[in-house]
Amino acid sequence: MLSILRREAAAGCSDAVLLRERLRRSCAAATARLRGYATAAKEMTVREALNTALDEEMSADPRVFLMGEEVGEYQGAYKKFGPERVVDTPITEAGFTGIGVGAAYYGLRPVVEFMTFNFAMQAIDHIINSAAKMNYMSAGNISVPIVFRGPNGAAAGVGAQHSQCYAAWYGSCPGLKVLAPYSSEDARGLLKAAIRDPDPVVFLENELIYGERFPVSAEALDSSFCLPIGKAKIEREGKDVTITAFSKMVGLSLEAAEILAKEGISAEVINLLSIRPLDRPTINASVRKTSRLVTVEEGFPQHGVGAEIGMSIIEDSFGYLDAPIERITGADVPMPYAANLERMALPQIEDIVRAAKRVCHRSVPMAATA
Amino acid sequence: MSAASLSSSISVIRAASFANDKPALVSSARPPSSAFLGSSAGLRFDPLSSSAAGAGLRPSPVVAAAAANVVKEKQPRSSPSGSNLLITKEEGLELYEDMVLGRAFEDMCAQMYYRGKMFGFVHLYNGQEAVSTGFIKLLKQEDSVVSTYRDHVHALSKGVPARQVMSELFGKETGCCRGQGGSMHMFSKEHNLIGGFAFIGEGIPIATGAAFTSKYKREVLKEEGCDHVTVAFFGDGTCNNGQFFECLNMAQLWKLPIIFVVENNLWAIGMSHLRATSDPQIWKKGPAFGMPGVHVDGMDVLKVREVAKEAVERARRGEGPTLVECETYRFRGHSLADPDELREPAEKAKYAARDPITALKKYMIESNLVSEAELKAIDKKIDEVVEDAVEFADASPPPPRSQLLENVFADPKGFGIGPDGRYRCEDPKFTEGTAKV
């Protein structure tokens with residue numbers, strides 16, 4: 001891994017982000033080998049995975065339609081499905097999200113796309129009050145088969161108002177299902193499941209992994225492939241410490257696990273996939289096996305996903321813990337713009353490694369990341 | 001400004017709003033013997049609030065000619081048979097019964113609230129019955145009505161049984177939402193009533209979505225003849241909210257079959273419309289987005305019905321949305337918890353004199369459509385219906401404890417519903433990891 005980096009550096013690529021990207025890509029290939037896809041010849045970017053999933057679902061069910069800003073630029077699907085099914089809207093999140101919810105009440109299956117979930121805050125009243133709560137308020141008479149999708153979390157240097165992670169906010173709301181895929185196969189399977197699901201689903205993607213390639217199994221290419229909502233995936237088996245993560249952080253956790261493996265710590269990495277409902281049985285079973293837990297997320301620390309997972313473990317598996325639960329989160333500040341500050345505000349691989357070592361009682365003194 | 005000149009100026013403005021359509025429809029027309037009051041504009045912008053005096057009431061000279069035609073065309077003719085009247089006897093009785101049901105029901109709600117049978121937020125509709133009856137009685141069952149928290153009467157007009165509405169208010173299991181919604185959240189899939197949104201403006205995009213679905217069903221799903229329209233009811237306070245304007249834009253942009261009905265009762269809780277709005281004439285906001293904006297006297301059910309007829313037909317033909325501003329008034333406070341101290345007694349008295357039920361009654365009797373006895377019989381029947389609803393609700397059980405956790409999700413297991421309609425995870429061949437069909 002390091003030799004690759006040195007070669008890249010020598011080739012004049014000194015940009016930190018580009019380096020990170022390449023490291024991640026080479027790790028993705030490494031993890032593919034770890035997952036044992038012996039026959040996986042096909043690779044797909046997350047973007048392609050999402051597009052193909054949408055394409056197939058729209059072809060299969062004429063009630064599915066896409067709505068959002070600039071979705072018409074959508075890789076030629078506009079030409080295929082026409083403007084009635086790929087609806088370009090004005091910049092009116094509250095309005096068009098409400099329109100989507102109203103359409104869902106009456107039996108259509110909208111996929112409402114937000115440019116980023118930050119903009120969805122203008123529509124959050126409809127996501128929560130009109131969509132999430134409706135099945136309950138109407139005592140099961142009116143269900144809302146809608147999907148809200150878009151990039152979530154930090155991108156690169158986009159500043160405070162474009163970088164928030166909303167997993168914890170949506171994850172706390174009963175009536176919503178919240179999904180956060182990582183790989184292409186996750187993205188494909190979960191998006192298909194989300195579109196077919198009769199309940200409102202918040203589908204949190206990530207800007208920075210749209211272009212990342214992952215191997216996909218032959219099953220995943222089938223048009224009826226979908227992943228169950230509410231089940232986490234064990235990306236890497238281990239026995240010393242459990243690391244839970246979702247979305248981009250899964251990649252970082254896998255890389256951290258590689259580093260830890262060299263130091264003799266076998267980390268089990270769980271890709272949550274589903275923030276709500278949270279797969280508590282899988283996480284608990286893993287912690288009962290390893291006795292240690294590190295949760296990783298990109299969002300703000302207070303009331304975050306890690307807090308919920310930690311509490312779940314304390315409630316169900318307290319006796320199995322050999323060390324306090326650690327949570328790695330984004331910094332408790334709005335996202336700064338400067339590249340070095342941004343790096344400090346987000347979890348890095350070193351943070352995960354250090355936390356894992358701490359819970360294994362093999363800590364090095366804490367030092368601020370440079 | 002004298003009342004007379006104001007009324008003529010207002011009819012001119014109304015004609016201008018439906019410029020593309022027959023202007024005749026928007027005028028008020030009734031036999032001279034009726035005591036229906038004319039334009040209410042003089043009452044609106046009188047000394048009660050000086051800030052609105054002269055706010056844009058100048059008639060446009062261009063349409064003066066059209067106005068003259070309007071007045072001439074609709075000269076009422078006295079008739080013995082009633083065939084030139086605005087409604088038939090059956091229609092009249094239907095309208096009367098619906099309005100009386102709304103009034104009696106709401107009065108009973110107040111009684112029940114003060115006796116502790118109903119709780120929380122309850123918003124009553126007394127005084128505004130003409131708007132609900134005028135619009136909803138023209139709709140089919142498949143048409144949708146989207147309302148706000150002031151939704152009891154919309155539910156009743158749309159056909160939800162009074163028993164179910166009363167039970168819902170009492171929080172009983174037999175309510176239309178099994179007690180889980182309450183006063184502000186009346187929903188009925190069967191009657192296509194999306195009754196209840198607590199946030200103002202929240203229902204408007206939903207209604208626009210319902211209209212979008214109607215159009216989608218016709219054009220994409222090729223359901224022939226699907227011409228369902230949606231009527232969205234909301235108040236004057238909502239007309240300053242961003243979502244309202246977003247939806248006016250999109251509804252007109254995509255020519256959706258929707259009618260935006262503003263129940264302008266001049267007060268948003270305790271905030272006077274005239275103090276909150278830069279241009280208080282809401283109907284004008286329609287043409288700003290390219291759709292007709294109509295202003296109608298909302299205390300007169302026949303006028304509302306005429307306007308509604310045209311707006312609904314427009315929508316059914318695919319010509320797009322209409323914005324209808326109904327001037328109306330609520331006789332009670334904003335909610336039952338509102339002491340209603342901010343409104344002048346003079347204003348209240350003025351509108352009480354224009355009670356829509358009394359007015360319709362007077363019209364029908366004076367045109368010899370019905371007899372007093374028939375109307376009294378309806379009054380009695382409605383009293384019985386409401387009493388029965390209360391007894392039914394009283395006798396119904398509260399929801400069982402198990403209902404607390406039910407219905408959060410349509411598919412609680414999260415694994416999806418397979419093609420046979422059952423939960424996938426109940427399929428014995430279901431394997432974890434990847435679900436195959």
# chains A, B, ... in the order shown; residues from 1 in each chain; ligands from 1
call {"tool": "interface_residues", "arguments": {"of": "chain A", "to": "chain B", "cutoff": "7 Å", "atoms": "only C-alpha atoms", "output": "PDB file with all heavy atoms, in the first residue's frame"}}
result
ATOM      1  N   PRO A  62     -44.347   1.776 -13.980  1.00  0.00           N
ATOM      2  CA  PRO A  62     -44.581   3.115 -14.536  1.00  0.00           C
ATOM      3  C   PRO A  62     -44.981   4.143 -13.493  1.00  0.00           C
ATOM      4  O   PRO A  62     -45.033   5.333 -13.794  1.00  0.00           O
ATOM      5  CB  PRO A  62     -45.739   2.877 -15.515  1.00  0.00           C
ATOM      6  CG  PRO A  62     -46.403   1.635 -15.052  1.00  0.00           C
ATOM      7  CD  PRO A  62     -45.348   0.800 -14.419  1.00  0.00           C
ATOM      8  N   THR A  92     -37.364  24.863  -5.562  1.00  0.00           N
ATOM      9  CA  THR A  92     -38.402  25.052  -4.554  1.00  0.00           C
ATOM     10  C   THR A  92     -38.545  23.774  -3.761  1.00  0.00           C
ATOM     11  O   THR A  92     -39.513  23.038  -3.928  1.00  0.00           O
ATOM     12  CB  THR A  92     -39.743  25.346  -5.238  1.00  0.00           C
ATOM     13  OG1 THR A  92     -39.949  24.392  -6.292  1.00  0.00           O
ATOM     14  CG2 THR A  92     -39.800  26.712  -5.827  1.00  0.00           C
ATOM     15  N   ALA A  94     -39.312  22.946  -0.678  1.00  0.00           N
ATOM     16  CA  ALA A  94     -40.523  22.706   0.109  1.00  0.00           C
ATOM     17  C   ALA A  94     -41.674  22.350  -0.815  1.00  0.00           C
ATOM     18  O   ALA A  94     -42.416  21.406  -0.572  1.00  0.00           O
ATOM     19  CB  ALA A  94     -40.859  23.947   0.924  1.00  0.00           C
ATOM     20  N   GLY A  95     -41.803  23.124  -1.893  1.00  0.00           N
ATOM     21  CA  GLY A  95     -42.897  22.875  -2.817  1.00  0.00           C
ATOM     22  C   GLY A  95     -42.818  21.520  -3.488  1.00  0.00           C
ATOM     23  O   GLY A  95     -43.773  20.734  -3.437  1.00  0.00           O
ATOM     24  N   PHE A  96     -41.678  21.199  -4.101  1.00  0.00           N
ATOM     25  CA  PHE A  96     -41.696  19.958  -4.870  1.00  0.00           C
ATOM     26  C   PHE A  96     -41.613  18.731  -3.988  1.00  0.00           C
ATOM     27  O   PHE A  96     -42.104  17.656  -4.351  1.00  0.00           O
ATOM     28  CB  PHE A  96     -40.669  19.948  -6.015  1.00  0.00           C
ATOM     29  CG  PHE A  96     -39.215  19.855  -5.642  1.00  0.00           C
ATOM     30  CD1 PHE A  96     -38.661  18.684  -5.154  1.00  0.00           C
ATOM     31  CD2 PHE A  96     -38.378  20.940  -5.840  1.00  0.00           C
ATOM     32  CE1 PHE A  96     -37.310  18.594  -4.845  1.00  0.00           C
ATOM     33  CE2 PHE A  96     -37.028  20.870  -5.537  1.00  0.00           C
ATOM     34  CZ  PHE A  96     -36.491  19.695  -5.038  1.00  0.00           C
ATOM     35  N   GLY A  98     -43.213  18.487  -1.180  1.00  0.00           N
ATOM     36  CA  GLY A  98     -44.619  18.315  -0.824  1.00  0.00           C
ATOM     37  C   GLY A  98     -45.407  17.704  -1.968  1.00  0.00           C
ATOM     38  O   GLY A  98     -46.262  16.845  -1.756  1.00  0.00           O
ATOM     39  N   ILE A  99     -45.104  18.147  -3.188  1.00  0.00           N
ATOM     40  CA  ILE A  99     -45.786  17.572  -4.346  1.00  0.00           C
ATOM     41  C   ILE A  99     -45.481  16.086  -4.424  1.00  0.00           C
ATOM     42  O   ILE A  99     -46.360  15.248  -4.666  1.00  0.00           O
ATOM     43  CB  ILE A  99     -45.366  18.292  -5.636  1.00  0.00           C
ATOM     44  CG1 ILE A  99     -45.946  19.699  -5.649  1.00  0.00           C
ATOM     45  CG2 ILE A  99     -45.822  17.526  -6.867  1.00  0.00           C
ATOM     46  CD1 ILE A  99     -45.626  20.483  -6.903  1.00  0.00           C
ATOM     47  N   GLY A 100     -44.231  15.720  -4.212  1.00  0.00           N
ATOM     48  CA  GLY A 100     -43.873  14.300  -4.228  1.00  0.00           C
ATOM     49  C   GLY A 100     -44.634  13.524  -3.174  1.00  0.00           C
ATOM     50  O   GLY A 100     -45.164  12.438  -3.427  1.00  0.00           O
ATOM     51  N   VAL A 101     -44.719  14.083  -1.974  1.00  0.00           N
ATOM     52  CA  VAL A 101     -45.428  13.383  -0.894  1.00  0.00           C
ATOM     53  C   VAL A 101     -46.905  13.239  -1.250  1.00  0.00           C
ATOM     54  O   VAL A 101     -47.501  12.182  -1.070  1.00  0.00           O
ATOM     55  CB  VAL A 101     -45.258  14.118   0.444  1.00  0.00           C
ATOM     56  CG1 VAL A 101     -46.059  13.446   1.537  1.00  0.00           C
ATOM     57  CG2 VAL A 101     -43.794  14.143   0.850  1.00  0.00           C
ATOM     58  N   GLY A 102     -47.498  14.301  -1.779  1.00  0.00           N
ATOM     59  CA  GLY A 102     -48.899  14.219  -2.182  1.00  0.00           C
ATOM     60  C   GLY A 102     -49.114  13.160  -3.248  1.00  0.00           C
ATOM     61  O   GLY A 102     -50.088  12.403  -3.212  1.00  0.00           O
ATOM     62  N   ALA A 103     -48.187  13.080  -4.193  1.00  0.00           N
ATOM     63  CA  ALA A 103     -48.295  12.052  -5.225  1.00  0.00           C
ATOM     64  C   ALA A 103     -48.173  10.668  -4.604  1.00  0.00           C
ATOM     65  O   ALA A 103     -48.877   9.732  -4.987  1.00  0.00           O
ATOM     66  CB  ALA A 103     -47.218  12.269  -6.288  1.00  0.00           C
ATOM     67  N   TYR A 106     -51.266   9.277  -3.150  1.00  0.00           N
ATOM     68  CA  TYR A 106     -52.247   8.805  -4.117  1.00  0.00           C
ATOM     69  C   TYR A 106     -51.722   7.684  -4.983  1.00  0.00           C
ATOM     70  O   TYR A 106     -52.253   7.423  -6.055  1.00  0.00           O
ATOM     71  CB  TYR A 106     -52.745   9.991  -4.955  1.00  0.00           C
ATOM     72  CG  TYR A 106     -53.703  10.828  -4.158  1.00  0.00           C
ATOM     73  CD1 TYR A 106     -53.251  11.874  -3.360  1.00  0.00           C
ATOM     74  CD2 TYR A 106     -55.054  10.542  -4.153  1.00  0.00           C
ATOM     75  CE1 TYR A 106     -54.126  12.609  -2.594  1.00  0.00           C
ATOM     76  CE2 TYR A 106     -55.938  11.278  -3.394  1.00  0.00           C
ATOM     77  CZ  TYR A 106     -55.473  12.307  -2.611  1.00  0.00           C
ATOM     78  OH  TYR A 106     -56.347  13.039  -1.862  1.00  0.00           O
ATOM     79  N   LEU A 108     -48.614   6.974  -6.449  1.00  0.00           N
ATOM     80  CA  LEU A 108     -47.421   6.987  -7.287  1.00  0.00           C
ATOM     81  C   LEU A 108     -46.201   6.714  -6.407  1.00  0.00           C
ATOM     82  O   LEU A 108     -46.283   6.729  -5.189  1.00  0.00           O
ATOM     83  CB  LEU A 108     -47.275   8.344  -7.992  1.00  0.00           C
ATOM     84  CG  LEU A 108     -48.403   8.707  -8.948  1.00  0.00           C
ATOM     85  CD1 LEU A 108     -48.057   9.992  -9.688  1.00  0.00           C
ATOM     86  CD2 LEU A 108     -48.653   7.597  -9.940  1.00  0.00           C
ATOM     87  N   ASN A 135     -48.488   7.499   7.853  1.00  0.00           N
ATOM     88  CA  ASN A 135     -49.072   6.179   8.005  1.00  0.00           C
ATOM     89  C   ASN A 135     -49.643   6.025   9.416  1.00  0.00           C
ATOM     90  O   ASN A 135     -50.698   5.434   9.618  1.00  0.00           O
ATOM     91  CB  ASN A 135     -48.021   5.103   7.735  1.00  0.00           C
ATOM     92  CG  ASN A 135     -48.634   3.759   7.396  1.00  0.00           C
ATOM     93  OD1 ASN A 135     -49.412   3.643   6.473  1.00  0.00           O
ATOM     94  ND2 ASN A 135     -48.321   2.756   8.178  1.00  0.00           N
ATOM     95  N   TYR A 136     -48.949   6.611  10.367  1.00  0.00           N
ATOM     96  CA  TYR A 136     -49.401   6.509  11.743  1.00  0.00           C
ATOM     97  C   TYR A 136     -50.636   7.355  11.987  1.00  0.00           C
ATOM     98  O   TYR A 136     -51.609   6.911  12.581  1.00  0.00           O
ATOM     99  CB  TYR A 136     -48.269   6.947  12.676  1.00  0.00           C
ATOM    100  CG  TYR A 136     -48.498   6.624  14.131  1.00  0.00           C
ATOM    101  CD1 TYR A 136     -48.271   5.340  14.608  1.00  0.00           C
ATOM    102  CD2 TYR A 136     -48.925   7.604  15.023  1.00  0.00           C
ATOM    103  CE1 TYR A 136     -48.472   5.038  15.944  1.00  0.00           C
ATOM    104  CE2 TYR A 136     -49.126   7.301  16.359  1.00  0.00           C
ATOM    105  CZ  TYR A 136     -48.892   6.017  16.814  1.00  0.00           C
ATOM    106  OH  TYR A 136     -49.092   5.709  18.139  1.00  0.00           O
ATOM    107  N   MET A 137     -50.603   8.603  11.504  1.00  0.00           N
ATOM    108  CA  MET A 137     -51.724   9.507  11.748  1.00  0.00           C
ATOM    109  C   MET A 137     -53.001   8.993  11.103  1.00  0.00           C
ATOM    110  O   MET A 137     -54.097   9.223  11.604  1.00  0.00           O
ATOM    111  CB  MET A 137     -51.442  10.898  11.168  1.00  0.00           C
ATOM    112  CG  MET A 137     -50.478  11.711  11.967  1.00  0.00           C
ATOM    113  SD  MET A 137     -50.571  13.468  11.558  1.00  0.00           S
ATOM    114  CE  MET A 137     -49.908  13.500   9.901  1.00  0.00           C
ATOM    115  N   SER A 138     -52.856   8.309   9.970  1.00  0.00           N
ATOM    116  CA  SER A 138     -54.056   7.831   9.293  1.00  0.00           C
ATOM    117  C   SER A 138     -54.359   6.400   9.676  1.00  0.00           C
ATOM    118  O   SER A 138     -55.183   5.755   9.043  1.00  0.00           O
ATOM    119  CB  SER A 138     -53.864   7.924   7.779  1.00  0.00           C
ATOM    120  OG  SER A 138     -52.890   6.990   7.368  1.00  0.00           O
ATOM    121  N   ALA A 139     -53.707   5.896  10.701  1.00  0.00           N
ATOM    122  CA  ALA A 139     -53.927   4.535  11.200  1.00  0.00           C
ATOM    123  C   ALA A 139     -53.787   3.511  10.089  1.00  0.00           C
ATOM    124  O   ALA A 139     -54.611   2.612   9.950  1.00  0.00           O
ATOM    125  CB  ALA A 139     -55.302   4.430  11.884  1.00  0.00           C
ATOM    126  N   GLY A 140     -52.738   3.660   9.279  1.00  0.00           N
ATOM    127  CA  GLY A 140     -52.457   2.639   8.284  1.00  0.00           C
ATOM    128  C   GLY A 140     -53.215   2.777   6.979  1.00  0.00           C
ATOM    129  O   GLY A 140     -53.016   1.997   6.060  1.00  0.00           O
ATOM    130  N   ASN A 141     -54.077   3.803   6.876  1.00  0.00           N
ATOM    131  CA  ASN A 141     -54.846   3.929   5.643  1.00  0.00           C
ATOM    132  C   ASN A 141     -54.048   4.497   4.489  1.00  0.00           C
ATOM    133  O   ASN A 141     -54.288   4.174   3.344  1.00  0.00           O
ATOM    134  CB  ASN A 141     -56.061   4.853   5.890  1.00  0.00           C
ATOM    135  CG  ASN A 141     -57.170   4.100   6.558  1.00  0.00           C
ATOM    136  OD1 ASN A 141     -57.420   2.955   6.221  1.00  0.00           O
ATOM    137  ND2 ASN A 141     -57.816   4.723   7.513  1.00  0.00           N
ATOM    138  N   ILE A 142     -53.152   5.406   4.797  1.00  0.00           N
ATOM    139  CA  ILE A 142     -52.439   6.091   3.727  1.00  0.00           C
ATOM    140  C   ILE A 142     -50.947   5.884   3.941  1.00  0.00           C
ATOM    141  O   ILE A 142     -50.374   6.436   4.881  1.00  0.00           O
ATOM    142  CB  ILE A 142     -52.796   7.593   3.722  1.00  0.00           C
ATOM    143  CG1 ILE A 142     -54.297   7.745   3.504  1.00  0.00           C
ATOM    144  CG2 ILE A 142     -52.035   8.317   2.653  1.00  0.00           C
ATOM    145  CD1 ILE A 142     -54.772   9.173   3.556  1.00  0.00           C
ATOM    146  N   SER A 143     -50.343   5.071   3.090  1.00  0.00           N
ATOM    147  CA  SER A 143     -48.896   4.888   3.220  1.00  0.00           C
ATOM    148  C   SER A 143     -48.204   5.760   2.183  1.00  0.00           C
ATOM    149  O   SER A 143     -48.810   6.205   1.211  1.00  0.00           O
ATOM    150  CB  SER A 143     -48.519   3.420   3.039  1.00  0.00           C
ATOM    151  OG  SER A 143     -48.549   3.085   1.679  1.00  0.00           O
ATOM    152  N   PRO A 174     -39.377   8.333  14.016  1.00  0.00           N
ATOM    153  CA  PRO A 174     -40.158   7.128  13.703  1.00  0.00           C
ATOM    154  C   PRO A 174     -41.004   7.357  12.457  1.00  0.00           C
ATOM    155  O   PRO A 174     -41.545   8.433  12.266  1.00  0.00           O
ATOM    156  CB  PRO A 174     -41.069   6.944  14.939  1.00  0.00           C
ATOM    157  CG  PRO A 174     -40.971   8.185  15.708  1.00  0.00           C
ATOM    158  CD  PRO A 174     -39.840   9.016  15.216  1.00  0.00           C
ATOM    159  N   GLY A 175     -41.085   6.331  11.655  1.00  0.00           N
ATOM    160  CA  GLY A 175     -41.852   6.458  10.420  1.00  0.00           C
ATOM    161  C   GLY A 175     -40.976   6.601   9.202  1.00  0.00           C
ATOM    162  O   GLY A 175     -41.449   6.497   8.073  1.00  0.00           O
ATOM    163  N   ALA A 193     -34.462  -1.606  -3.201  1.00  0.00           N
ATOM    164  CA  ALA A 193     -35.328  -1.932  -2.060  1.00  0.00           C
ATOM    165  C   ALA A 193     -36.099  -0.701  -1.613  1.00  0.00           C
ATOM    166  O   ALA A 193     -37.284  -0.778  -1.290  1.00  0.00           O
ATOM    167  CB  ALA A 193     -34.489  -2.475  -0.914  1.00  0.00           C
ATOM    168  N   ARG A 196     -38.993   0.051  -3.911  1.00  0.00           N
ATOM    169  CA  ARG A 196     -40.092  -0.901  -3.792  1.00  0.00           C
ATOM    170  C   ARG A 196     -40.773  -0.855  -2.433  1.00  0.00           C
ATOM    171  O   ARG A 196     -41.848  -1.404  -2.255  1.00  0.00           O
ATOM    172  CB  ARG A 196     -39.581  -2.319  -4.015  1.00  0.00           C
ATOM    173  CG  ARG A 196     -39.085  -2.514  -5.411  1.00  0.00           C
ATOM    174  CD  ARG A 196     -38.607  -3.913  -5.631  1.00  0.00           C
ATOM    175  NE  ARG A 196     -37.750  -3.974  -6.798  1.00  0.00           N
ATOM    176  CZ  ARG A 196     -37.206  -5.087  -7.234  1.00  0.00           C
ATOM    177  NH1 ARG A 196     -37.418  -6.215  -6.605  1.00  0.00           N
ATOM    178  NH2 ARG A 196     -36.445  -5.063  -8.302  1.00  0.00           N
ATOM    179  N   ASP A 197     -40.131  -0.196  -1.468  1.00  0.00           N
ATOM    180  CA  ASP A 197     -40.655  -0.192  -0.110  1.00  0.00           C
ATOM    181  C   ASP A 197     -41.881   0.729  -0.011  1.00  0.00           C
ATOM    182  O   ASP A 197     -41.878   1.806  -0.600  1.00  0.00           O
ATOM    183  CB  ASP A 197     -39.555   0.297   0.834  1.00  0.00           C
ATOM    184  CG  ASP A 197     -39.870   0.003   2.286  1.00  0.00           C
ATOM    185  OD1 ASP A 197     -40.589   0.811   2.904  1.00  0.00           O
ATOM    186  OD2 ASP A 197     -39.419  -1.034   2.771  1.00  0.00           O
ATOM    187  N   PRO A 198     -42.904   0.302   0.740  1.00  0.00           N
ATOM    188  CA  PRO A 198     -44.098   1.142   0.826  1.00  0.00           C
ATOM    189  C   PRO A 198     -44.007   2.289   1.819  1.00  0.00           C
ATOM    190  O   PRO A 198     -44.999   2.971   2.048  1.00  0.00           O
ATOM    191  CB  PRO A 198     -45.179   0.154   1.279  1.00  0.00           C
ATOM    192  CG  PRO A 198     -44.428  -0.872   2.050  1.00  0.00           C
ATOM    193  CD  PRO A 198     -43.092  -1.001   1.392  1.00  0.00           C
ATOM    194  N   ASP A 199     -42.819   2.502   2.396  1.00  0.00           N
ATOM    195  CA  ASP A 199     -42.693   3.552   3.403  1.00  0.00           C
ATOM    196  C   ASP A 199     -41.706   4.617   2.941  1.00  0.00           C
ATOM    197  O   ASP A 199     -40.916   4.378   2.042  1.00  0.00           O
ATOM    198  CB  ASP A 199     -42.183   2.949   4.718  1.00  0.00           C
ATOM    199  CG  ASP A 199     -43.236   2.105   5.391  1.00  0.00           C
ATOM    200  OD1 ASP A 199     -44.353   2.616   5.583  1.00  0.00           O
ATOM    201  OD2 ASP A 199     -42.954   0.930   5.684  1.00  0.00           O
ATOM    202  N   SER A 224     -33.749  -7.926 -10.529  1.00  0.00           N
ATOM    203  CA  SER A 224     -34.618  -8.092  -9.367  1.00  0.00           C
ATOM    204  C   SER A 224     -33.829  -8.107  -8.073  1.00  0.00           C
ATOM    205  O   SER A 224     -34.359  -8.358  -7.008  1.00  0.00           O
ATOM    206  CB  SER A 224     -35.421  -9.382  -9.489  1.00  0.00           C
ATOM    207  OG  SER A 224     -34.529 -10.457  -9.599  1.00  0.00           O
ATOM    208  N   PHE A 225     -32.539  -7.779  -8.167  1.00  0.00           N
ATOM    209  CA  PHE A 225     -31.685  -7.795  -6.976  1.00  0.00           C
ATOM    210  C   PHE A 225     -32.090  -6.687  -6.028  1.00  0.00           C
ATOM    211  O   PHE A 225     -32.208  -5.535  -6.433  1.00  0.00           O
ATOM    212  CB  PHE A 225     -30.246  -7.595  -7.439  1.00  0.00           C
ATOM    213  CG  PHE A 225     -29.253  -7.366  -6.342  1.00  0.00           C
ATOM    214  CD1 PHE A 225     -28.878  -8.394  -5.499  1.00  0.00           C
ATOM    215  CD2 PHE A 225     -28.679  -6.114  -6.141  1.00  0.00           C
ATOM    216  CE1 PHE A 225     -27.961  -8.194  -4.483  1.00  0.00           C
ATOM    217  CE2 PHE A 225     -27.759  -5.902  -5.131  1.00  0.00           C
ATOM    218  CZ  PHE A 225     -27.400  -6.946  -4.301  1.00  0.00           C
ATOM    219  N   CYS A 226     -32.310  -7.025  -4.752  1.00  0.00           N
ATOM    220  CA  CYS A 226     -32.359  -5.936  -3.789  1.00  0.00           C
ATOM    221  C   CYS A 226     -31.916  -6.427  -2.427  1.00  0.00           C
ATOM    222  O   CYS A 226     -31.969  -7.612  -2.121  1.00  0.00           O
ATOM    223  CB  CYS A 226     -33.690  -5.216  -3.749  1.00  0.00           C
ATOM    224  SG  CYS A 226     -35.113  -6.143  -3.334  1.00  0.00           S
ATOM    225  N   LEU A 227     -31.439  -5.533  -1.636  1.00  0.00           N
ATOM    226  CA  LEU A 227     -30.938  -5.854  -0.314  1.00  0.00           C
ATOM    227  C   LEU A 227     -32.018  -5.577   0.714  1.00  0.00           C
ATOM    228  O   LEU A 227     -32.807  -4.652   0.548  1.00  0.00           O
ATOM    229  CB  LEU A 227     -29.711  -5.000   0.016  1.00  0.00           C
ATOM    230  CG  LEU A 227     -28.436  -5.343  -0.745  1.00  0.00           C
ATOM    231  CD1 LEU A 227     -27.353  -4.328  -0.432  1.00  0.00           C
ATOM    232  CD2 LEU A 227     -27.965  -6.740  -0.376  1.00  0.00           C
ATOM    233  N   PRO A 228     -32.069  -6.353   1.784  1.00  0.00           N
ATOM    234  CA  PRO A 228     -33.095  -6.079   2.786  1.00  0.00           C
ATOM    235  C   PRO A 228     -32.771  -4.809   3.574  1.00  0.00           C
ATOM    236  O   PRO A 228     -31.620  -4.530   3.873  1.00  0.00           O
ATOM    237  CB  PRO A 228     -33.025  -7.302   3.701  1.00  0.00           C
ATOM    238  CG  PRO A 228     -31.703  -7.893   3.475  1.00  0.00           C
ATOM    239  CD  PRO A 228     -31.246  -7.494   2.110  1.00  0.00           C
ATOM    240  N   ILE A 229     -33.819  -4.091   3.892  1.00  0.00           N
ATOM    241  CA  ILE A 229     -33.650  -2.873   4.687  1.00  0.00           C
ATOM    242  C   ILE A 229     -33.632  -3.283   6.151  1.00  0.00           C
ATOM    243  O   ILE A 229     -34.468  -4.029   6.602  1.00  0.00           O
ATOM    244  CB  ILE A 229     -34.835  -1.921   4.415  1.00  0.00           C
ATOM    245  CG1 ILE A 229     -34.787  -1.456   2.968  1.00  0.00           C
ATOM    246  CG2 ILE A 229     -34.804  -0.740   5.367  1.00  0.00           C
ATOM    247  CD1 ILE A 229     -35.939  -0.575   2.578  1.00  0.00           C
ATOM    248  N   GLY A 230     -32.664  -2.811   6.894  1.00  0.00           N
ATOM    249  CA  GLY A 230     -32.623  -3.146   8.314  1.00  0.00           C
ATOM    250  C   GLY A 230     -31.591  -4.186   8.646  1.00  0.00           C
ATOM    251  O   GLY A 230     -31.534  -4.649   9.781  1.00  0.00           O
TER     252      GLY A 230
END
call {"tool": "closest_atom_pairs", "arguments": {"of": "segment 255-312 of chain A", "to": "segment 348-351 of chain A", "cutoff": "12 Å", "atoms": "only C-alpha atoms", "output": "CSV"}}
result
residue,atom,partner,partner_atom,distance
A:Glu255,CA,A:Ile349,CA,7.0
A:Ala256,CA,A:Ile349,CA,5.5
A:Ala257,CA,A:Ile349,CA,9.2
A:Glu258,CA,A:Ile349,CA,10.4
A:Ile259,CA,A:Ile349,CA,9.1
A:Leu260,CA,A:Glu350,CA,10.2
A:Val294,CA,A:Asp351,CA,10.6
A:Thr295,CA,A:Asp351,CA,11.4
A:Val296,CA,A:Asp351,CA,9.6
A:Glu297,CA,A:Gln348,CA,10.5
A:Glu298,CA,A:Gln348,CA,9.7
